[in-house]
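Engineer: Got a structure for you, data.txt, holding compact mmCIF, C-alpha atoms.
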# COMPACT_ATOMS: atom_id res chain seq x y z
CA MET A 4 -4.86 20.95 -34.22
CA SER A 5 -4.98 19.18 -30.84
CA THR A 6 -2.71 16.23 -30.09
CA PRO A 7 -4.60 12.90 -30.00
CA LYS A 8 -5.02 11.40 -26.56
CA LYS A 9 -2.69 8.56 -25.68
CA ARG A 10 -4.44 5.21 -25.72
CA ILE A 11 -3.90 3.22 -22.54
CA CYS A 12 -4.89 -0.33 -21.68
CA TRP A 13 -5.24 -0.38 -17.88
CA ILE A 14 -5.65 -3.72 -16.07
CA THR A 15 -6.61 -3.78 -12.38
CA ALA A 16 -6.99 -6.83 -10.15
CA THR A 17 -9.86 -6.75 -7.68
CA TYR A 18 -7.49 -6.72 -4.69
CA PHE A 19 -5.99 -3.45 -6.00
CA LEU A 20 -9.32 -1.92 -6.96
CA ASP A 21 -9.17 0.66 -4.20
CA VAL A 22 -5.71 1.70 -5.45
CA ASP A 23 -6.88 2.52 -8.98
CA LEU A 24 -10.49 3.54 -8.46
CA PRO A 25 -9.61 7.08 -7.28
CA VAL A 26 -7.03 7.42 -10.09
CA VAL A 27 -8.31 6.04 -13.39
CA PRO A 28 -11.60 7.96 -13.79
CA PRO A 29 -9.95 11.42 -13.36
CA LEU A 30 -7.21 10.46 -15.82
CA MET A 31 -9.79 9.75 -18.51
CA GLN A 32 -10.10 13.47 -19.23
CA TRP A 33 -6.53 13.46 -20.60
CA PHE A 34 -6.14 9.88 -21.85
CA ASP A 35 -8.18 7.37 -23.83
CA ILE A 36 -8.21 4.56 -21.24
CA ASP A 37 -9.72 1.13 -21.75
CA TRP A 38 -10.04 -0.01 -18.15
CA THR A 39 -10.45 -3.70 -17.34
CA ILE A 40 -11.04 -4.92 -13.79
CA ILE A 41 -10.42 -8.59 -13.12
CA THR A 42 -12.62 -9.82 -10.31
CA THR A 43 -13.84 -13.19 -9.01
CA PRO A 44 -17.32 -14.72 -8.67
CA ARG A 45 -17.15 -14.10 -4.93
CA GLN A 46 -16.19 -10.44 -5.37
CA MET A 47 -18.25 -9.50 -8.41
CA ALA A 48 -21.34 -8.13 -6.64
CA ASP A 49 -19.37 -6.22 -3.98
CA ASP A 50 -16.94 -4.81 -6.55
CA SER A 51 -19.74 -3.72 -8.88
CA ALA A 52 -21.64 -1.93 -6.12
CA TYR A 53 -18.48 -0.25 -4.82
CA ILE A 54 -17.42 0.94 -8.28
CA ARG A 55 -20.83 2.35 -9.15
CA SER A 56 -20.98 4.18 -5.83
CA LYS A 57 -17.81 6.04 -6.90
CA THR A 58 -17.94 6.47 -10.68
CA ASP A 59 -19.96 5.89 -13.83
CA CYS A 60 -16.90 5.85 -16.09
CA PRO A 61 -16.73 3.18 -18.81
CA LEU A 62 -14.97 -0.04 -17.83
CA THR A 63 -15.01 -3.78 -18.41
CA MET A 64 -15.28 -6.33 -15.62
CA LEU A 65 -13.92 -9.81 -16.26
CA CYS A 66 -14.54 -12.70 -13.90
CA ALA A 67 -11.49 -14.90 -13.40
CA PRO A 68 -12.24 -18.64 -13.44
CA ALA A 69 -10.00 -19.47 -10.49
CA ARG A 70 -7.99 -17.96 -7.63
CA PHE A 71 -5.25 -15.59 -8.64
CA TYR A 72 -2.50 -18.08 -7.88
CA SER A 73 -4.10 -21.00 -9.73
CA PRO A 74 -2.47 -22.40 -12.89
CA ALA A 75 -6.02 -22.58 -14.29
CA LEU A 76 -5.72 -18.84 -14.95
CA ARG A 77 -3.10 -19.28 -17.66
CA GLY A 78 -5.71 -19.79 -20.39
CA PHE A 79 -7.73 -16.84 -19.12
CA PHE A 80 -4.67 -14.57 -19.18
CA ARG A 81 -3.53 -15.88 -22.57
CA LYS A 82 -6.87 -14.92 -24.13
CA LEU A 83 -6.81 -11.50 -22.45
CA VAL A 84 -3.24 -10.64 -23.45
CA ARG A 85 -3.69 -11.80 -27.04
CA GLU A 86 -6.84 -9.69 -27.36
CA ILE A 87 -5.24 -6.50 -26.07
CA SER A 88 -2.13 -7.11 -28.19
CA GLN A 89 -4.28 -6.62 -31.29
CA LYS A 90 -5.20 -3.04 -30.35
CA ASP A 91 -1.71 -1.49 -30.37
CA TYR A 92 -2.06 0.74 -27.31
CA ASP A 93 0.48 3.42 -26.47
CA ILE A 94 0.77 2.11 -22.88
CA TYR A 95 -0.18 -1.13 -21.17
CA TYR A 96 -0.51 -0.57 -17.40
CA PHE A 97 -0.84 -3.60 -15.10
CA ASP A 98 -1.87 -3.29 -11.45
CA ILE A 99 -1.97 -6.97 -10.60
CA SER A 100 0.22 -9.36 -8.60
CA ASP A 101 0.33 -12.62 -10.47
CA PHE A 102 2.37 -15.74 -9.71
CA LEU A 103 4.16 -16.36 -13.00
CA PHE A 104 1.16 -17.02 -15.26
CA LEU A 105 0.41 -13.53 -16.61
CA PHE A 106 3.72 -11.78 -17.08
CA PRO A 107 5.48 -14.36 -19.27
CA LEU A 108 2.50 -13.93 -21.61
CA VAL A 109 2.83 -10.15 -21.39
CA LYS A 110 6.50 -10.43 -22.29
CA ARG A 111 5.71 -12.75 -25.20
CA TYR A 112 2.79 -10.89 -26.78
CA LEU A 113 3.18 -7.21 -25.86
CA PRO A 114 5.94 -4.68 -26.64
CA VAL A 115 7.90 -4.62 -23.38
CA GLU A 116 8.87 -0.97 -23.86
CA LYS A 117 5.17 -0.01 -23.65
CA VAL A 118 4.41 -2.03 -20.49
CA VAL A 119 4.21 -0.42 -17.02
CA ILE A 120 3.89 -2.67 -13.97
CA ALA A 121 2.72 -1.43 -10.59
CA THR A 122 5.11 -3.06 -8.12
CA HIS A 123 3.53 -2.98 -4.68
CA ASN A 124 6.08 -5.22 -2.99
CA VAL A 125 9.55 -4.99 -4.51
CA ASN A 126 10.69 -6.54 -1.25
CA VAL A 127 8.02 -9.06 -0.23
CA PRO A 128 7.19 -8.66 3.49
CA LYS A 129 8.39 -11.46 5.75
CA GLY A 130 5.44 -13.65 6.63
CA ALA A 131 3.35 -12.56 3.65
CA ARG A 132 0.98 -15.12 2.20
CA LEU A 133 2.63 -17.25 -0.51
CA ALA A 134 5.82 -15.25 0.00
CA PRO A 135 8.17 -17.64 -1.88
CA LEU A 136 5.96 -17.51 -4.98
CA ALA A 137 5.62 -13.75 -4.67
CA ARG A 138 9.41 -13.33 -4.49
CA MET A 139 9.87 -15.59 -7.51
CA SER A 140 7.30 -13.61 -9.47
CA MET A 141 8.79 -10.24 -8.52
CA GLY A 142 12.26 -11.44 -9.48
CA TYR A 143 10.97 -12.43 -12.92
CA ILE A 144 9.17 -9.10 -13.37
CA ILE A 145 12.22 -7.05 -12.45
CA ARG A 146 14.45 -9.04 -14.79
CA SER A 147 11.99 -8.95 -17.69
CA PHE A 148 10.61 -5.40 -17.70
CA ARG A 149 11.87 -1.84 -17.43
CA ASN A 150 8.92 0.44 -16.59
CA PHE A 151 7.52 0.31 -13.08
CA GLN A 152 5.49 2.20 -10.54
CA THR A 153 6.18 2.14 -6.81
CA PHE A 154 4.01 3.56 -4.04
CA SER A 155 6.61 4.35 -1.38
CA ARG A 156 10.10 5.82 -1.38
CA ASN A 157 11.63 2.79 0.29
CA GLN A 158 10.28 0.50 -2.45
CA HIS A 159 11.45 2.95 -5.11
CA ASP A 160 14.95 2.84 -3.65
CA ALA A 161 14.84 -0.96 -3.32
CA LEU A 162 13.88 -1.30 -6.99
CA ARG A 163 16.59 1.15 -8.04
CA LEU A 164 19.17 -1.01 -6.26
CA ARG A 165 17.93 -4.15 -7.98
CA LYS A 166 17.60 -2.58 -11.44
CA PRO A 167 19.61 0.65 -11.78
CA ASP A 168 18.49 1.34 -15.37
CA ALA A 169 14.76 0.96 -14.65
CA ASN A 170 12.28 3.71 -15.49
CA ILE A 171 10.54 4.08 -12.12
CA PHE A 172 7.49 6.21 -11.45
CA TYR A 173 6.81 6.95 -7.78
CA SER A 174 3.56 8.26 -6.41
CA PRO A 175 1.96 7.44 -3.06
CA LEU A 176 -1.33 5.64 -2.75
CA MET A 177 -4.42 7.78 -2.86
CA LEU A 178 -6.48 7.95 0.31
CA LYS A 179 -9.06 5.20 0.37
CA ASP A 180 -12.59 6.44 0.91
CA TYR A 181 -15.41 4.05 1.71
CA GLY A 182 -17.97 6.78 2.32
CA ASP A 183 -19.11 8.82 5.32
CA ALA A 184 -15.63 10.25 5.91
CA ASP A 185 -17.23 13.47 7.11
CA ALA A 186 -19.69 11.75 9.40
CA ALA A 187 -19.40 12.39 13.11
CA GLN A 188 -16.70 10.04 14.35
CA ALA A 189 -16.58 8.57 17.81
CA LEU A 190 -16.31 11.30 20.42
CA TYR A 191 -13.11 11.01 22.39
CA GLY A 192 -13.86 9.44 25.73
CA LYS A 193 -13.77 6.16 27.59
CA PRO A 194 -13.52 3.48 26.54
CA VAL A 195 -10.87 4.43 23.99
CA LYS A 196 -11.29 2.29 20.89
CA PHE A 197 -8.37 0.88 18.87
CA LEU A 198 -8.84 -0.63 15.41
CA PHE A 199 -6.79 -3.42 13.80
CA PHE A 200 -8.14 -3.76 10.26
CA GLY A 201 -7.39 -5.77 7.12
CA ASN A 202 -6.29 -9.26 6.18
CA ILE A 203 -4.72 -10.92 9.20
CA LEU A 204 -1.33 -12.17 8.05
CA LYS A 205 1.72 -13.16 10.05
CA TYR A 206 3.79 -10.08 9.19
CA LYS A 207 1.11 -7.76 10.59
CA ARG A 208 1.91 -9.12 14.07
CA LEU A 209 -1.51 -9.33 15.65
CA ASP A 210 0.23 -11.51 18.24
CA VAL A 211 2.17 -8.46 19.45
CA LEU A 212 -1.06 -6.52 19.88
CA LEU A 213 -2.72 -9.34 21.83
CA GLU A 214 0.29 -9.52 24.14
CA ALA A 215 0.18 -5.73 24.62
CA VAL A 216 -3.47 -6.02 25.68
CA LYS A 217 -2.49 -8.53 28.38
CA ILE A 218 0.19 -6.11 29.60
CA LEU A 219 -2.30 -3.26 29.80
CA THR A 220 -4.82 -5.31 31.77
CA ALA A 221 -2.04 -6.44 34.12
CA ARG A 222 -1.40 -2.74 34.76
CA GLY A 223 -5.04 -2.39 35.74
CA ARG A 224 -6.19 -0.67 32.53
CA ARG A 225 -9.54 -1.75 31.16
CA ASP A 226 -10.71 1.60 29.81
CA PHE A 227 -10.32 0.57 26.18
CA ARG A 228 -11.71 -1.72 23.50
CA ILE A 229 -9.95 -3.50 20.64
CA TYR A 230 -11.68 -3.92 17.28
CA ILE A 231 -10.17 -6.66 15.09
CA CYS A 232 -11.81 -6.62 11.68
CA GLY A 233 -10.56 -8.57 8.69
CA TYR A 234 -10.16 -11.96 7.09
CA CYS A 235 -8.01 -14.66 8.65
CA ASP A 236 -7.64 -18.28 7.63
CA PRO A 237 -10.08 -20.04 10.01
CA ALA A 238 -7.53 -22.66 11.09
CA VAL A 239 -4.91 -20.00 11.83
CA TRP A 240 -7.43 -17.89 13.74
CA GLN A 241 -8.55 -20.78 15.88
CA LYS A 242 -5.04 -22.03 16.59
CA GLU A 243 -2.92 -18.88 16.89
CA TYR A 244 -5.03 -15.86 17.72
CA LEU A 245 -8.31 -16.74 19.41
CA PRO A 246 -6.58 -18.57 22.31
CA ALA A 247 -4.48 -15.43 22.94
CA ILE A 248 -7.58 -13.33 23.67
CA ALA A 249 -7.70 -13.52 27.45
CA ASP A 250 -10.45 -10.91 28.00
CA PRO A 251 -13.11 -11.34 25.28
CA GLU A 252 -15.21 -8.52 26.72
CA LEU A 253 -12.50 -6.06 25.66
CA PHE A 254 -12.77 -7.11 22.00
CA THR A 255 -15.11 -6.61 19.08
CA LEU A 256 -14.31 -9.26 16.45
CA ASP A 257 -15.41 -9.39 12.83
CA ILE A 258 -13.20 -12.08 11.30
CA ARG A 259 -14.09 -12.16 7.62
CA ARG A 260 -13.46 -10.16 4.48
CA ILE A 261 -15.10 -6.88 5.44
CA PRO A 262 -17.62 -5.74 2.82
CA ASN A 263 -16.92 -2.33 1.32
CA ASP A 264 -20.14 -0.90 2.74
CA LYS A 265 -19.07 -1.88 6.28
CA VAL A 266 -15.59 -0.30 6.28
CA ALA A 267 -16.60 3.27 7.14
CA GLU A 268 -18.62 2.07 10.12
CA TYR A 269 -15.54 0.64 11.82
CA PHE A 270 -13.27 3.57 11.04
CA ASN A 271 -15.87 6.04 12.28
CA ALA A 272 -16.43 4.00 15.46
CA CYS A 273 -12.79 3.97 16.62
CA HIS A 274 -10.20 6.50 17.79
CA TYR A 275 -6.77 5.05 16.91
CA PHE A 276 -5.51 2.78 14.16
CA LEU A 277 -3.05 0.01 15.08
CA MET A 278 -0.28 -1.21 12.75
CA PRO A 279 2.16 -3.41 14.71
CA TYR A 280 3.66 -4.73 11.46
CA GLN A 281 7.09 -6.35 11.34
CA ASP A 282 7.57 -5.46 7.67
CA ILE A 283 5.71 -3.45 5.03
CA ALA A 284 6.26 -2.04 1.55
CA GLN A 285 3.35 0.38 1.71
CA SER A 286 0.13 0.21 3.63
CA GLY A 287 -3.23 0.55 1.94
CA ALA A 288 -4.90 0.21 5.33
CA MET A 289 -3.01 3.27 6.53
CA THR A 290 -4.48 5.34 3.71
CA VAL A 291 -7.95 4.36 4.90
CA ALA A 292 -7.09 5.52 8.42
CA LEU A 293 -5.73 8.81 7.09
CA ASN A 294 -8.85 9.32 5.01
CA TYR A 295 -10.91 9.00 8.18
CA ASN A 296 -8.53 11.28 10.10
CA MET A 297 -7.63 8.53 12.57
CA PRO A 298 -4.30 8.91 14.43
CA VAL A 299 -2.00 5.92 14.03
CA ILE A 300 0.09 3.72 16.33
CA ALA A 301 2.71 2.01 14.19
CA SER A 302 5.87 -0.02 14.50
CA ASP A 303 9.08 1.84 13.73
CA LEU A 304 9.39 1.14 9.98
CA PRO A 305 10.65 3.44 7.18
CA THR A 306 7.39 3.34 5.23
CA PHE A 307 5.45 4.79 8.14
CA HIS A 308 8.07 7.47 8.73
CA GLU A 309 7.70 8.53 5.09
CA PHE A 310 4.24 9.88 5.87
CA LEU A 311 3.89 10.21 9.66
CA THR A 312 5.80 12.01 12.41
CA PRO A 313 6.11 10.52 15.93
CA GLY A 314 4.35 12.55 18.59
CA HIS A 315 2.89 14.89 15.97
CA ASP A 316 0.27 12.88 14.12
CA ALA A 317 1.15 9.33 15.21
CA TYR A 318 2.84 7.23 17.86
CA PHE A 319 5.66 4.81 17.04
CA PHE A 320 6.98 1.87 19.05
CA THR A 321 9.91 -0.53 18.77
CA LEU A 322 9.31 -3.27 16.22
CA GLY A 323 7.95 -6.47 17.78
CA ASP A 324 8.10 -5.05 21.32
CA ALA A 325 4.77 -5.74 23.06
CA PRO A 326 5.61 -3.69 26.21
CA ALA A 327 6.52 -0.74 23.97
CA LEU A 328 3.20 -1.07 22.15
CA ALA A 329 1.41 -1.24 25.49
CA ASP A 330 3.20 1.99 26.49
CA ALA A 331 2.05 3.72 23.28
CA MET A 332 -1.52 2.55 23.80
CA GLN A 333 -1.41 3.70 27.43
CA ARG A 334 -0.25 7.11 26.21
CA CYS A 335 -3.39 7.22 24.09
CA LEU A 336 -5.55 6.21 27.05
CA ASP A 337 -4.10 9.08 29.04
CA ASN A 338 -4.53 11.71 26.30
CA THR A 339 -6.95 14.49 27.05
CA PRO A 340 -9.67 15.35 24.52
CA GLN A 341 -7.62 18.44 23.66
CA GLU A 342 -4.48 16.37 22.95
CA TYR A 343 -6.48 13.98 20.81
CA ALA A 344 -8.00 16.89 18.87
CA ALA A 345 -4.50 18.28 18.26
CA LEU A 346 -3.35 14.92 16.88
CA LYS A 347 -6.26 14.93 14.45
CA GLU A 348 -5.57 18.48 13.31
CA ASN A 349 -1.91 17.65 12.76
CA LEU A 350 -2.95 14.59 10.75
CA LYS A 351 -5.16 16.73 8.52
CA SER A 352 -2.19 18.96 7.81
CA THR A 353 0.00 15.96 7.02
CA VAL A 354 -2.53 14.61 4.54
CA ALA A 355 -2.92 17.98 2.85
CA ALA A 356 0.86 18.35 2.49
CA LYS A 357 1.80 14.81 1.44
CA LEU A 358 -1.27 13.07 0.05
CA ALA A 359 -3.39 15.70 -1.66
CA PRO A 360 -5.45 13.95 -4.36
CA GLU A 361 -4.87 16.66 -6.97
CA ALA A 362 -1.09 16.37 -6.61
CA ILE A 363 -1.19 12.58 -6.94
CA ILE A 364 -3.36 12.72 -10.06
CA ASN A 365 -0.98 15.27 -11.56
CA ASN A 366 1.92 12.90 -10.83
CA TYR A 367 0.22 10.19 -12.87
CA ARG A 368 -0.71 12.61 -15.64
CA GLU A 369 2.85 13.88 -16.01
CA PHE A 370 4.31 10.38 -16.01
CA LEU A 371 1.89 9.06 -18.63
CA GLN A 372 2.19 12.12 -20.86
CA ASN A 373 6.00 11.88 -20.85
CA PHE A 374 6.18 8.08 -20.95
CA ASN A 375 7.46 7.67 -24.50
CA ASN A 376 10.32 10.05 -23.74
CA ALA A 377 11.51 8.08 -20.71
Would you write out, as structure tokens, the structure that this file holds?

Structural biologist:
Amino acid sequence: MSTPKKRICWITATYFLDVDLPVVPPLMQWFDIDWTIITTPRQMADDSAYIRSKTDCPLTMLCAPARFYSPALRGFFRKLVREISQKDYDIYYFDISDFLFLFPLVKRYLPVEKVVIATHNVNVPKGARLAPLARMSMGYIIRSFRNFQTFSRNQHDALRLRKPDANIFYSPLMLKDYGDADAAQALYGKPVKFLFFGNILKYKRLDVLLEAVKILTARGRRDFRIYICGYCDPAVWQKEYLPAIADPELFTLDIRRIPNDKVAEYFNACHYFLMPYQDIAQSGAMTVALNYNMPVIASDLPTFHEFLTPGHDAYFFTLGDAPALADAMQRCLDNTPQEYAALKENLKSTVAAKLAPEAIINNYREFLQNFNNA
């Protein structure tokens, strides 16, 4: 007689949809998963189209009545948690960053020993949006719960230091695929195109990139283009970043939340992916670049070293050092087509060795199957 499938309640916030979308549907062959995705009125149409382009698995979409940091969500979360508490699941998995409204309810109404929380930022990056609230929330979560998932080794180690007796599951993020990954990407030639992609927040140090561009043009280099694509608070963009663009003709700007069906276009159009971050727990944007086989230029941070090797499949530069970033970009400008092709081949090998989808799914499967014995 076969063993009954474990019953799992899986909650995903819209901003982590691309983390769970490659994971949950494959796991349904081994587990009985009730998957709920919490979205917003603004995101509902885009999320629905993106999900249905990837899977037809059963799921429930709930529309939150307010922004994820609004106290107005407390009633919404209370209703949700009380409903799922009545179903006595074997595991309750939460992939959501909430500012103190959800998790006190989880602690009150659900059996803590059955709760797993995906902790994306054990150490909140300096300059992250609403960082004080995020640190307060993470402190509460670590004190109140025992079962966690991390997505990078450095965050696993940070959590182990903060809670030595925690049950911690580590598995890297799956590659993020927005379609057309096998389409013909930009042929390597001039101008060389660099992509800065994702929400524009202080810790991602776009200011360092804009200074590096000025250094390159002062050296007489204009054989490149910079794509900056992602949402930025309009006031911040107008005050801090737009005035620093000295040569607009070198830039392609798309300053908004990039729709899912537009992402592949930008990654296929460019040659190198730029991550001049000053701090990072793990980078979802990097997994998009790796999916599109795009070599990376990154600041010298442990998370990037976990997956990439300087001079082999990526270029690294000293944190916050605009001249060093300019040097790395100039190295890219001077690469021959053969050197660029070698970088891409090395990157393919890195992905196959460290981020193979089958291995990541098996990591989840093993953790969930053995969960009650942890």

Engineer: What does the distance between CA of Phe227 (chain A) and CA of Ser352 (chain A) come to in Å, to one decimal place?

Structural biologist: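 Rounded to one decimal, the two atoms are 27.2 Å apart.
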
Engineer: Just the number, please: distance in Å from CA of Thr220 (chain A) to CA of Asn296 (chain A), one decimal.

Structural biologist: 27.5 Å

Engineer: Could you check which of A:Ile87, A:Ile41, A:Met297, A:Cys235 is closest to Pro114 (chain A), using all atoms listed in the file?

Structural biologist: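 Looking at the shortest contact to Pro114 (chain A), the residue is A:Ile87.
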
Engineer: One number please: CA of Ile145 (chain A) to CA of Leu311 (chain A), in Å, one decimal.

Structural biologist: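 CA of Leu311 (chain A) lies at a distance of 29.3 Å from CA of Ile145 (chain A).
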
Engineer: Restrict the calculation to all atoms listed in the file, then for each residue of region 250-352 of chain A with any atom at most 12 Å from an atom of region 153-174 of chain A give the closest atom pair and their distance in Å to one decimal, rows by chain and rising residue number, as JSON lines.

Structural biologist:
{"residue": "A:Asp282", "atom": "CA", "partner": "A:Asn157", "partner_atom": "CA", "distance": 11.8}
{"residue": "A:Ile283", "atom": "CA", "partner": "A:Gln158", "partner_atom": "CA", "distance": 9.6}
{"residue": "A:Ala284", "atom": "CA", "partner": "A:Gln158", "partner_atom": "CA", "distance": 6.2}
{"residue": "A:Gln285", "atom": "CA", "partner": "A:Ser155", "partner_atom": "CA", "distance": 6.0}
{"residue": "A:Ser286", "atom": "CA", "partner": "A:Ser155", "partner_atom": "CA", "distance": 9.2}
{"residue": "A:Gly287", "atom": "CA", "partner": "A:Phe154", "partner_atom": "CA", "distance": 9.9}
{"residue": "A:Thr290", "atom": "CA", "partner": "A:Phe154", "partner_atom": "CA", "distance": 11.6}
{"residue": "A:Leu304", "atom": "CA", "partner": "A:Asn157", "partner_atom": "CA", "distance": 10.1}
{"residue": "A:Pro305", "atom": "CA", "partner": "A:Asn157", "partner_atom": "CA", "distance": 7.0}
{"residue": "A:Thr306", "atom": "CA", "partner": "A:Asn157", "partner_atom": "CA", "distance": 6.5}
{"residue": "A:Phe307", "atom": "CA", "partner": "A:Ser155", "partner_atom": "CA", "distance": 9.6}
{"residue": "A:His308", "atom": "CA", "partner": "A:Asn157", "partner_atom": "CA", "distance": 10.3}
{"residue": "A:Glu309", "atom": "CA", "partner": "A:Arg156", "partner_atom": "CA", "distance": 7.4}
{"residue": "A:Phe310", "atom": "CA", "partner": "A:Ser155", "partner_atom": "CA", "distance": 9.4}

Engineer: In terms of the shortest atom-to-atom distance over only C-alpha atoms, which of A:Phe200, A:Asp257, A:Thr312, A:Pro246 is closest to Tyr275 (chain A)?

Structural biologist: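 Between A:Phe200, A:Asp257, A:Thr312, A:Pro246, the residue approaching Tyr275 (chain A) most closely is A:Phe200.
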
Engineer: For a cutoff of 10 Å around the file-coordinate point (1.4, -5.9, -13.1), which residues qualify once you count all atoms listed in the file? I'd like the result as a list in words.

Structural biologist: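 Protein and nucleic acid residues near the point are Trp13, Ile14, Thr15, Ala16, Tyr95, Tyr96, Phe97, Asp98, Ile99, Ser100, Asp101, Leu105, Phe106, Val109, Val118, Val119, Ile120, Ala121, Thr122, His123, Met141, Ile144, Phe151 and Gln152 of chain A.
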
Engineer: Near Lys90 (chain A), within 12 Å and counting all atoms listed in the file, which residues show up once chain neighbours fewer than 2 positions away are dropped, as a list of chain:residue names?

Structural biologist: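 My reading of the contact set: A:Arg10, A:Ile11, A:Cys12, A:Asp37, A:Leu83, A:Val84, A:Arg85, A:Glu86, A:Ile87, A:Ser88, A:Tyr92, A:Asp93, A:Ile94, A:Tyr95, A:Tyr112, A:Leu113, A:Pro114.
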
Engineer: Show me the residues close to (-8.2, -9.6, -8.2) - anything with an atom within 7 Å, counting only C-alpha atoms - and format the list as a compact mmCIF listing (two decimals) with C-alpha atoms, in the coordinates of the input.

Structural biologist:
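The resulting out.txt:
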# COMPACT_ATOMS: atom_id res chain seq x y z
CA ALA A 16 -6.99 -6.83 -10.15
CA THR A 17 -9.86 -6.75 -7.68
CA TYR A 18 -7.49 -6.72 -4.69
CA PHE A 19 -5.99 -3.45 -6.00
CA ILE A 41 -10.42 -8.59 -13.12
CA THR A 42 -12.62 -9.82 -10.31
CA THR A 43 -13.84 -13.19 -9.01
CA PHE A 71 -5.25 -15.59 -8.64

Engineer: Return the single residue from A:Glu214, A:Glu268, A:Asp180, A:Glu243 that is closest to Leu198 (chain A), with distances computed using only C-alpha atoms.

Structural biologist: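 Answer, going by the shortest atom-to-atom distance: A:Glu268.
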
Engineer: I'd like to know which of A:His274, A:Tyr280, A:Leu103, A:Lys9 is closest to Pro74 (chain A), using all atoms listed in the file.

Structural biologist: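 Among the listed residues, A:Leu103 lies closest to Pro74 (chain A).
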
Engineer: Quick one: everything within 10 Å of Thr353 (chain A), counting only C-alpha atoms, minus sequence neighbours fewer than 4 positions away in the same chain. Send it as a ChimeraX atom specification.

Structural biologist: /A:293,310-312,315-316,347-349,357-359
